[in-house]
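Text of my_file-v4.txt, listed as compact mmCIF, C-alpha atoms:
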```
# COMPACT_ATOMS: atom_id res chain seq x y z
CA MET A 384 0.00 0.00 0.00
CA THR A 385 1.38 3.43 -0.99
CA PRO A 386 1.95 5.60 2.09
CA ILE A 387 -0.25 8.70 2.29
CA GLU A 388 1.68 11.94 2.80
CA PHE A 389 1.08 13.35 6.26
CA LYS A 390 2.08 16.75 7.61
CA ILE A 391 1.32 18.82 10.68
CA SER A 392 1.96 22.50 9.98
CA ASN A 393 5.06 22.35 7.78
CA ARG A 394 6.45 19.22 9.39
CA SER A 395 6.50 16.11 7.23
CA ILE A 396 5.99 13.00 9.31
CA GLY A 397 7.48 9.77 8.10
CA PRO A 398 10.41 7.34 8.50
CA ALA A 399 12.97 9.84 7.22
CA SER A 400 11.78 12.67 9.47
CA PRO A 401 12.58 13.26 13.15
CA THR A 402 10.02 11.79 15.53
CA TYR A 403 7.13 14.19 16.13
CA ILE A 404 6.61 14.43 19.90
CA ILE A 405 3.44 15.72 21.57
CA ALA A 406 3.12 16.71 25.21
CA GLU A 407 -0.40 15.71 26.22
CA ILE A 408 -1.48 18.37 28.67
CA GLY A 409 -5.02 17.06 28.44
CA VAL A 410 -6.81 18.03 31.64
CA ASN A 411 -3.70 18.37 33.77
CA HIS A 412 -4.31 22.14 33.76
CA ASP A 413 -6.95 21.36 36.44
CA GLY A 414 -9.45 23.58 34.61
CA ARG A 415 -7.20 26.64 34.94
CA VAL A 416 -5.91 28.47 31.88
CA GLU A 417 -2.97 29.87 33.85
CA ARG A 418 -1.88 26.35 34.75
CA GLY A 419 -2.20 25.42 31.09
CA LEU A 420 0.11 28.30 30.16
CA GLU A 421 2.69 27.07 32.65
CA LEU A 422 2.55 23.58 31.17
CA ILE A 423 2.98 24.93 27.64
CA ALA A 424 6.17 26.65 28.74
CA ALA A 425 7.39 23.45 30.41
CA ALA A 426 6.61 21.44 27.27
CA ALA A 427 8.60 23.83 25.12
CA GLU A 428 11.53 23.60 27.53
CA ALA A 429 11.39 19.79 27.30
CA GLY A 430 11.87 19.94 23.52
CA VAL A 431 8.55 18.65 22.18
CA ASP A 432 7.00 19.63 18.86
CA ALA A 433 3.40 20.13 19.98
CA VAL A 434 1.07 20.26 22.94
CA LYS A 435 -2.39 18.76 23.07
CA PHE A 436 -5.48 19.68 25.02
CA GLN A 437 -8.88 18.07 25.48
CA TRP A 438 -12.07 19.95 24.64
CA PHE A 439 -15.33 18.72 26.07
CA GLU A 440 -18.48 19.84 27.82
CA ALA A 441 -19.29 17.45 30.62
CA ASP A 442 -23.05 17.66 30.15
CA ARG A 443 -22.72 16.73 26.46
CA LEU A 444 -20.20 13.97 27.05
CA VAL A 445 -21.46 12.06 30.09
CA GLY A 446 -24.81 10.29 30.20
CA ASP A 447 -24.35 8.19 33.33
CA PRO A 448 -22.12 10.02 35.82
CA THR A 449 -21.65 6.87 37.94
CA ALA A 450 -19.79 5.10 35.08
CA VAL A 451 -16.26 5.61 36.37
CA ALA A 452 -13.16 3.75 35.16
CA ALA A 453 -10.90 1.98 37.65
CA TYR A 454 -8.05 4.48 37.24
CA GLN A 455 -10.51 7.30 37.94
CA ARG A 456 -11.77 5.54 41.06
CA ARG A 457 -8.18 5.32 42.26
CA ALA A 458 -8.11 9.11 41.94
CA GLN A 459 -11.21 9.25 44.18
CA VAL A 460 -13.55 10.13 41.30
CA LYS A 461 -17.14 9.08 42.04
CA ASP A 462 -19.06 11.28 39.63
CA GLN A 463 -17.53 11.47 36.14
CA ARG A 464 -19.73 14.37 35.06
CA ALA A 465 -18.82 16.47 38.07
CA MET A 466 -15.15 15.62 37.68
CA LEU A 467 -15.10 16.64 34.02
CA ARG A 468 -17.14 19.77 34.66
CA SER A 469 -14.40 20.96 37.02
CA LEU A 470 -11.83 20.48 34.24
CA GLU A 471 -13.61 22.32 31.41
CA ILE A 472 -11.98 25.22 29.59
CA ASP A 473 -14.16 27.32 27.29
CA ALA A 474 -13.45 28.59 23.77
CA GLN A 475 -11.93 31.83 25.02
CA GLY A 476 -9.55 29.91 27.25
CA MET A 477 -8.66 27.53 24.45
CA GLU A 478 -7.86 30.48 22.20
CA ARG A 479 -5.43 31.81 24.82
CA LEU A 480 -3.77 28.41 25.05
CA ILE A 481 -3.39 28.15 21.27
CA GLY A 482 -1.83 31.62 21.13
CA ALA A 483 0.65 30.75 23.87
CA THR A 484 1.51 27.47 22.15
CA HIS A 485 2.21 29.16 18.83
CA GLY A 486 4.10 31.86 20.70
CA VAL A 487 6.73 29.35 21.85
CA GLY A 488 6.98 27.75 18.42
CA LEU A 489 4.92 24.63 19.08
CA ASP A 490 1.93 23.17 17.26
CA ALA A 491 -1.43 23.13 19.01
CA VAL A 492 -3.47 19.92 18.88
CA VAL A 493 -6.85 19.21 20.45
CA THR A 494 -9.00 16.20 21.18
CA VAL A 495 -12.64 17.08 20.54
CA PHE A 496 -15.10 14.74 22.26
CA SER A 497 -18.48 15.79 20.87
CA VAL A 498 -19.78 16.49 17.37
CA GLU A 499 -21.54 19.59 18.68
CA LEU A 500 -18.18 21.16 19.56
CA VAL A 501 -16.54 20.59 16.19
CA SER A 502 -17.94 23.70 14.50
CA LEU A 503 -16.63 25.93 17.28
CA ALA A 504 -13.30 24.11 17.39
CA LYS A 505 -12.88 24.61 13.64
CA SER A 506 -13.05 28.37 14.12
CA LEU A 507 -9.81 28.30 16.10
CA PRO A 508 -6.30 27.84 14.61
CA TRP A 509 -5.60 24.33 15.82
CA ASP A 510 -2.85 22.64 13.80
CA ALA A 511 -4.27 19.12 14.04
CA TRP A 512 -7.13 17.13 15.50
CA LYS A 513 -6.79 14.17 17.82
CA THR A 514 -9.50 11.67 18.63
CA ALA A 515 -9.54 9.59 21.79
CA SER A 516 -9.34 5.81 21.59
CA PRO A 517 -13.00 5.22 22.53
CA ASP A 518 -14.03 7.35 19.55
CA LEU A 519 -12.42 5.09 16.95
CA VAL A 520 -15.99 3.82 16.37
CA HIS A 521 -17.63 7.29 16.53
CA ARG A 522 -17.99 7.79 12.79
CA PRO A 523 -20.06 11.00 13.02
CA LEU A 524 -17.35 12.69 15.11
CA LEU A 525 -14.54 11.41 12.91
CA ALA A 526 -16.39 12.50 9.78
CA ALA A 527 -17.01 16.00 11.12
CA LEU A 528 -13.30 16.43 11.82
CA ALA A 529 -12.16 14.82 8.56
CA GLU A 530 -14.37 17.19 6.58
CA ASP A 531 -12.28 20.09 7.85
CA GLY A 532 -9.15 18.85 6.10
CA ARG A 533 -6.69 19.39 8.93
CA PRO A 534 -4.55 16.37 9.85
CA MET A 535 -6.05 13.86 12.28
CA LEU A 536 -4.37 11.69 14.88
CA VAL A 537 -6.60 8.74 15.66
CA SER A 538 -5.88 6.70 18.78
CA THR A 539 -6.60 2.97 18.70
CA GLY A 540 -6.62 1.84 22.35
CA ALA A 541 -8.99 -1.00 23.27
CA ALA A 542 -9.60 -1.72 19.57
CA ASP A 543 -8.70 -4.71 17.43
CA LEU A 544 -7.16 -4.58 13.96
CA ASP A 545 -10.47 -5.10 12.17
CA GLU A 546 -11.89 -2.00 13.87
CA VAL A 547 -8.85 0.08 12.92
CA GLN A 548 -9.04 -1.10 9.31
CA ARG A 549 -12.73 -0.26 9.16
CA THR A 550 -12.06 3.28 10.34
CA ASN A 551 -9.27 3.55 7.80
CA ARG A 552 -11.65 2.54 5.01
CA TRP A 553 -14.16 5.22 6.03
CA PHE A 554 -11.73 8.04 5.17
CA PRO A 555 -9.46 6.97 2.29
CA GLU A 556 -8.52 10.54 1.32
CA ALA A 557 -8.30 12.16 4.76
CA PRO A 558 -4.86 12.97 6.25
CA ILE A 559 -4.87 10.48 9.11
CA ALA A 560 -2.19 8.96 11.31
CA PHE A 561 -3.05 6.18 13.73
CA LEU A 562 -1.61 6.01 17.22
CA HIS A 563 -1.09 2.65 18.84
CA CYS A 564 -2.32 2.91 22.40
CA VAL A 565 -3.12 0.66 25.34
CA SER A 566 -6.11 2.02 27.24
CA ALA A 567 -4.89 1.24 30.73
CA TYR A 568 -3.74 3.93 33.16
CA PRO A 569 -0.96 3.25 33.81
CA THR A 570 0.06 0.65 31.24
CA PRO A 571 2.61 -1.84 32.59
CA GLU A 572 5.74 -2.03 30.45
CA ALA A 573 5.07 -5.71 29.73
CA GLU A 574 1.65 -4.78 28.30
CA ALA A 575 2.85 -1.99 25.98
CA SER A 576 2.63 -4.27 22.91
CA LEU A 577 4.93 -2.07 20.86
CA GLY A 578 5.05 -4.64 18.08
CA ALA A 579 1.54 -3.50 17.15
CA ILE A 580 3.03 -0.29 15.74
CA ARG A 581 4.44 -2.03 12.69
CA CYS A 582 1.28 -4.12 12.40
CA LEU A 583 -0.85 -0.97 12.16
CA ALA A 584 1.49 0.63 9.64
CA GLU A 585 1.41 -2.40 7.36
CA ALA A 586 -2.37 -2.82 7.68
CA THR A 587 -3.31 0.82 7.04
CA GLY A 588 -0.54 2.32 4.94
CA ARG A 589 -0.65 5.34 7.23
CA PRO A 590 1.95 6.92 9.52
CA VAL A 591 1.72 5.29 12.94
CA GLY A 592 2.72 6.60 16.33
CA TYR A 593 2.42 5.66 19.97
CA SER A 594 0.30 7.25 22.67
CA ASP A 595 2.21 6.24 25.78
CA HIS A 596 0.30 5.54 28.98
CA THR A 597 3.17 3.93 30.86
CA THR A 598 4.81 5.91 33.64
CA LEU A 599 8.25 5.24 32.14
CA GLU A 600 10.66 7.57 30.38
CA THR A 601 12.03 4.89 28.04
CA THR A 602 8.99 3.49 26.24
CA GLY A 603 8.95 6.38 23.77
CA GLY A 604 12.44 5.50 22.56
CA LEU A 605 11.50 1.83 22.36
CA ALA A 606 8.43 2.79 20.34
CA VAL A 607 10.60 4.75 17.92
CA ALA A 608 12.76 1.67 17.46
CA ALA A 609 9.54 -0.26 16.77
CA GLY A 610 8.59 2.17 14.01
CA ALA A 611 6.65 4.98 15.73
CA GLN A 612 6.85 8.28 13.86
CA ILE A 613 4.77 10.19 16.41
CA LEU A 614 4.86 10.05 20.20
CA GLU A 615 2.37 11.38 22.72
CA LYS A 616 3.13 11.55 26.44
CA HIS A 617 1.16 13.07 29.32
CA LEU A 618 2.72 16.06 31.07
CA THR A 619 1.80 17.27 34.55
CA TRP A 620 2.98 19.93 36.94
CA ASN A 621 2.87 17.48 39.86
CA ARG A 622 2.41 13.71 39.69
CA ASP A 623 0.92 13.74 43.19
CA ALA A 624 -1.75 16.31 42.39
CA GLU A 625 -5.42 15.37 42.61
CA GLY A 626 -7.03 14.54 39.28
CA PRO A 627 -7.54 11.64 36.88
CA ASP A 628 -4.32 11.87 34.85
CA HIS A 629 -1.59 13.34 37.05
CA ALA A 630 -0.34 10.03 38.43
CA VAL A 631 0.19 8.52 34.96
CA SER A 632 1.97 11.61 33.59
CA LEU A 633 5.57 12.76 33.62
CA ASP A 634 6.68 15.96 35.31
CA PRO A 635 8.68 18.48 33.23
CA SER A 636 12.08 16.99 34.00
CA GLY A 637 10.80 13.49 33.29
CA LEU A 638 9.33 14.64 29.97
CA ALA A 639 12.66 16.22 29.01
CA ARG A 640 14.39 12.88 29.57
CA PHE A 641 11.63 11.10 27.63
CA VAL A 642 12.14 13.46 24.68
CA ASP A 643 15.91 13.15 24.81
CA PHE A 644 15.81 9.35 24.76
CA ALA A 645 13.27 9.30 21.93
CA LYS A 646 15.39 11.63 19.81
CA ARG A 647 18.52 9.61 20.50
CA SER A 648 16.63 6.47 19.50
CA HIS A 649 15.64 8.03 16.18
CA THR A 650 19.24 9.08 15.53
CA ALA A 651 20.51 5.61 16.39
CA LEU A 652 18.10 4.02 13.89
CA GLY A 653 19.81 5.75 10.97
CA ASN A 654 18.20 5.82 7.54
CA GLY A 655 17.22 2.16 7.52
CA ASP A 656 19.76 1.11 4.89
CA LYS A 657 22.47 -1.48 5.51
CA THR A 658 25.62 0.24 4.27
CA VAL A 659 29.26 0.53 5.31
CA SER A 660 29.56 3.48 7.66
CA GLY A 661 32.52 5.79 7.41
CA ILE A 662 33.44 5.00 11.01
CA GLU A 663 33.76 1.29 10.08
CA LEU A 664 36.29 1.70 7.28
CA ASP A 665 39.38 1.51 9.49
CA VAL A 666 38.31 -1.72 11.21
CA ARG A 667 37.12 -3.14 7.89
CA SER A 668 40.51 -2.61 6.27
CA VAL A 669 42.50 -3.99 9.21
CA ALA A 670 40.33 -6.80 10.57
CA ARG A 671 39.07 -8.36 7.35
CA GLN A 672 41.32 -11.04 5.92
CA SER A 673 42.51 -11.42 2.34
CA VAL A 674 44.35 -13.96 0.19
CA ARG A 675 48.13 -13.90 0.69
CA ALA A 676 51.17 -15.88 -0.37
CA ALA A 677 51.72 -18.87 1.93
CA ARG A 678 55.39 -18.99 0.85
CA GLU A 679 57.75 -17.12 -1.42
CA LEU A 680 56.37 -17.33 -4.97
CA GLN A 681 58.01 -16.72 -8.35
CA PRO A 682 56.72 -15.17 -11.57
CA GLY A 683 55.15 -17.87 -13.73
CA ASP A 684 54.11 -20.08 -10.77
CA ILE A 685 50.76 -21.77 -11.27
CA LEU A 686 49.01 -21.31 -7.98
CA ALA A 687 47.88 -24.29 -5.93
CA ALA A 688 45.75 -24.18 -2.77
CA SER A 689 48.87 -24.85 -0.72
CA ASP A 690 50.44 -21.64 -2.09
CA LEU A 691 47.68 -19.55 -0.60
CA ALA A 692 46.84 -18.33 2.92
CA VAL A 693 44.07 -16.14 4.29
CA LYS A 694 45.26 -13.56 6.79
CA ARG A 695 44.75 -9.97 7.86
CA PRO A 696 44.63 -7.20 6.65
CA ALA A 697 42.19 -6.73 3.77
CA ASP A 698 44.67 -5.40 1.18
CA GLY A 699 44.47 -8.41 -1.13
CA LEU A 700 41.74 -10.31 -2.92
CA GLU A 701 38.80 -11.27 -0.72
CA PRO A 702 38.74 -14.84 0.62
CA TRP A 703 35.55 -15.75 -1.24
CA ARG A 704 37.61 -15.60 -4.48
CA ILE A 705 40.17 -18.19 -3.41
CA GLU A 706 38.73 -20.94 -5.61
CA GLU A 707 39.05 -18.81 -8.75
CA ILE A 708 42.65 -17.94 -7.84
CA VAL A 709 43.75 -21.57 -7.72
CA GLY A 710 45.12 -22.56 -11.14
CA ARG A 711 45.98 -19.03 -12.26
CA THR A 712 49.52 -17.96 -13.13
CA LEU A 713 51.49 -15.38 -11.20
CA ARG A 714 52.65 -12.40 -13.18
CA THR A 715 54.95 -11.11 -10.40
CA GLY A 716 56.97 -12.64 -7.63
CA LEU A 717 55.63 -12.42 -4.07
CA ALA A 718 57.24 -12.68 -0.67
CA THR A 719 55.74 -14.82 2.07
CA ASP A 720 52.55 -13.19 3.48
CA ALA A 721 52.40 -10.64 0.64
CA PRO A 722 48.85 -9.86 -0.47
CA ILE A 723 47.72 -11.28 -3.79
CA ARG A 724 45.95 -8.72 -5.94
CA GLU A 725 44.30 -8.96 -9.34
CA GLU A 726 47.24 -7.22 -11.03
CA ASP A 727 49.55 -9.98 -9.72
CA LEU A 728 47.69 -12.60 -11.75
CA ALA A 729 47.94 -13.35 -15.46
```
Show me the file's structure as structure tokens.
Amino acid sequence: MTPIEFKISNRSIGPASPTYIIAEIGVNHDGRVERGLELIAAAAEAGVDAVKFQWFEADRLVGDPTAVAAYQRRAQVKDQRAMLRSLEIDAQGMERLIGATHGVGLDAVVTVFSVELVSLAKSLPWDAWKTASPDLVHRPLLAALAEDGRPMLVSTGAADLDEVQRTNRWFPEAPIAFLHCVSAYPTPEAEASLGAIRCLAEATGRPVGYSDHTTLETTGGLAVAAGAQILEKHLTWNRDAEGPDHAVSLDPSGLARFVDFAKRSHTALGNGDKTVSGIELDVRSVARQSVRAARELQPGDILAASDLAVKRPADGLEPWRIEEIVGRTLRTGLATDAPIREEDLA
């Protein structure tokens, strides 16, 4: 399947490009724009490419407020609607956050949770849309965002491959990247299933990234090695703060280390080609062996196997050619251990 070109702002995203890293601020602003501004500054300092927020209205999003996930119960959440209501930021606040994000040179990304909010969200200069894992099956929401034409990051947590492929078929022309994700907060390292990244890329033909819900600083780099072209990691001001996501997020210094390791991982991958590196040439020339004279040889000698030895360095014919050398006539005399080169042979 031919890969579909994918860009956010002017950044091409693909195997040859640096990993695109998103700091997921989400609701870790605690419903306060000023806290969001502080986190944007921290994200920029950590070296990410973008920050992401979540836009919802609790009354639109939650039907049964008593439906609370286990990780939310651990954070003492009993009423999901009330919890989310305390974390809402309105359009005016979102506009301030976008301005601050662009002001520090980062892209602004948002997860929109309700179709009714899409029209308002479209009026603001977001650089890309993100959809949460549970909304992989929410075709009306996905369609409303896809119609806009801005790039979409679609998370795939708690979904199987058939569901991802179905969503992919819905929007063949839309600029979409899929994010592998495990919808568990936190995700144990042993459950990260990073091999799914390549599976998604091969099945969809799209760029694939990783939305990381572990509490570790190393899984991003491992995901890059597994083929992730985009990373998303939660950022908080305090991992001990009250709220649903703080405990599974990294603080600013942790995010900086996460970003550093991910970038080093991308650099270490290289361009994907198996070639001889310039830094290998010295060892190659010294440590490889070549065909040499096993004894003193005279011009006109017809070479037998017993006349030949294979020793370091690699300044003679390569050992794989030894069978074609046997039976050939020497043009020049050679001392013991002298390399045998093509010009020495008639």
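Across A:Gly603, A:Pro448, A:Phe554, A:Leu467, the tightest approach to Asp643 (chain A) is made by A:Gly603 when counting only C-alpha atoms.
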Quick check, in Å to one decimal: how far apart do CA of Leu500 (chain A) and CA of Trp553 (chain A) lie? 21.3 Å
Neighbours of region 630-633 of chain A within 12 Å (only C-alpha atoms; same-chain residues fewer than 4 positions away dropped), as an NGL selection string? :A and (406-411 or 422 or 425-426 or 429 or 454-455 or 457-458 or 566-571 or 594-601 or 615-626 or 637-642)
Taking (8.0, 4.4, 16.1) in the file's coordinates as the center, which residues reach within 9 Å of it, counting all atoms listed in the file, put as a ChimeraX atom specification? /A:398,402,577,580-581,591-593,603-614,649
Report as a list of chain:residue names all protein, DNA and RNA residues lying within 12 Å of Ile396 (chain A), evaluated on all atoms listed in the file, omitting residues in the same chain fewer than 4 positions from it.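 Near neighbours after the sequence-gap exclusion: A:Pro386, A:Ile387, A:Glu388, A:Phe389, A:Lys390, A:Ile391, A:Ser392, A:Ser400, A:Pro401, A:Thr402, A:Tyr403, A:Ile404, A:Asp432, A:Pro534, A:Leu536, A:Pro558, A:Ile559, A:Ala560, A:Arg589, A:Pro590, A:Val591, A:Gly592, A:Ala611, A:Gln612, A:Ile613, A:Leu614.
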For a quick check of understanding, using all atoms listed in the file, which of A:Gly397, A:Gly446, A:Pro523, A:Pro555 has the smallest distance to Thr587 (chain A)?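 The answer is A:Pro555, which sits nearest to Thr587 (chain A).
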Take the point (-14.2, 17.6, 10.5) in the file's coordinates, draw a sphere of radius 10 Å around it, and report as a VMD selection string every protein, DNA or RNA residue with an atom inside or on it, counting all atoms listed in the file. chain A and resid 498 501 to 502 504 to 505 512 523 to 535 557
Fewer than 4 positions away in the same chain doesn't count, so skip those; otherwise give me all residues within 8 Å of Arg671 (chain A), counting only C-alpha atoms, as an MDAnalysis selection string. chainID A and resid 666:667 695:697
Quick check, in Å to one decimal: how far apart do CA of Arg418 (chain A) and CA of Val445 (chain A) lie?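 These two atoms are separated by 24.7 Å.
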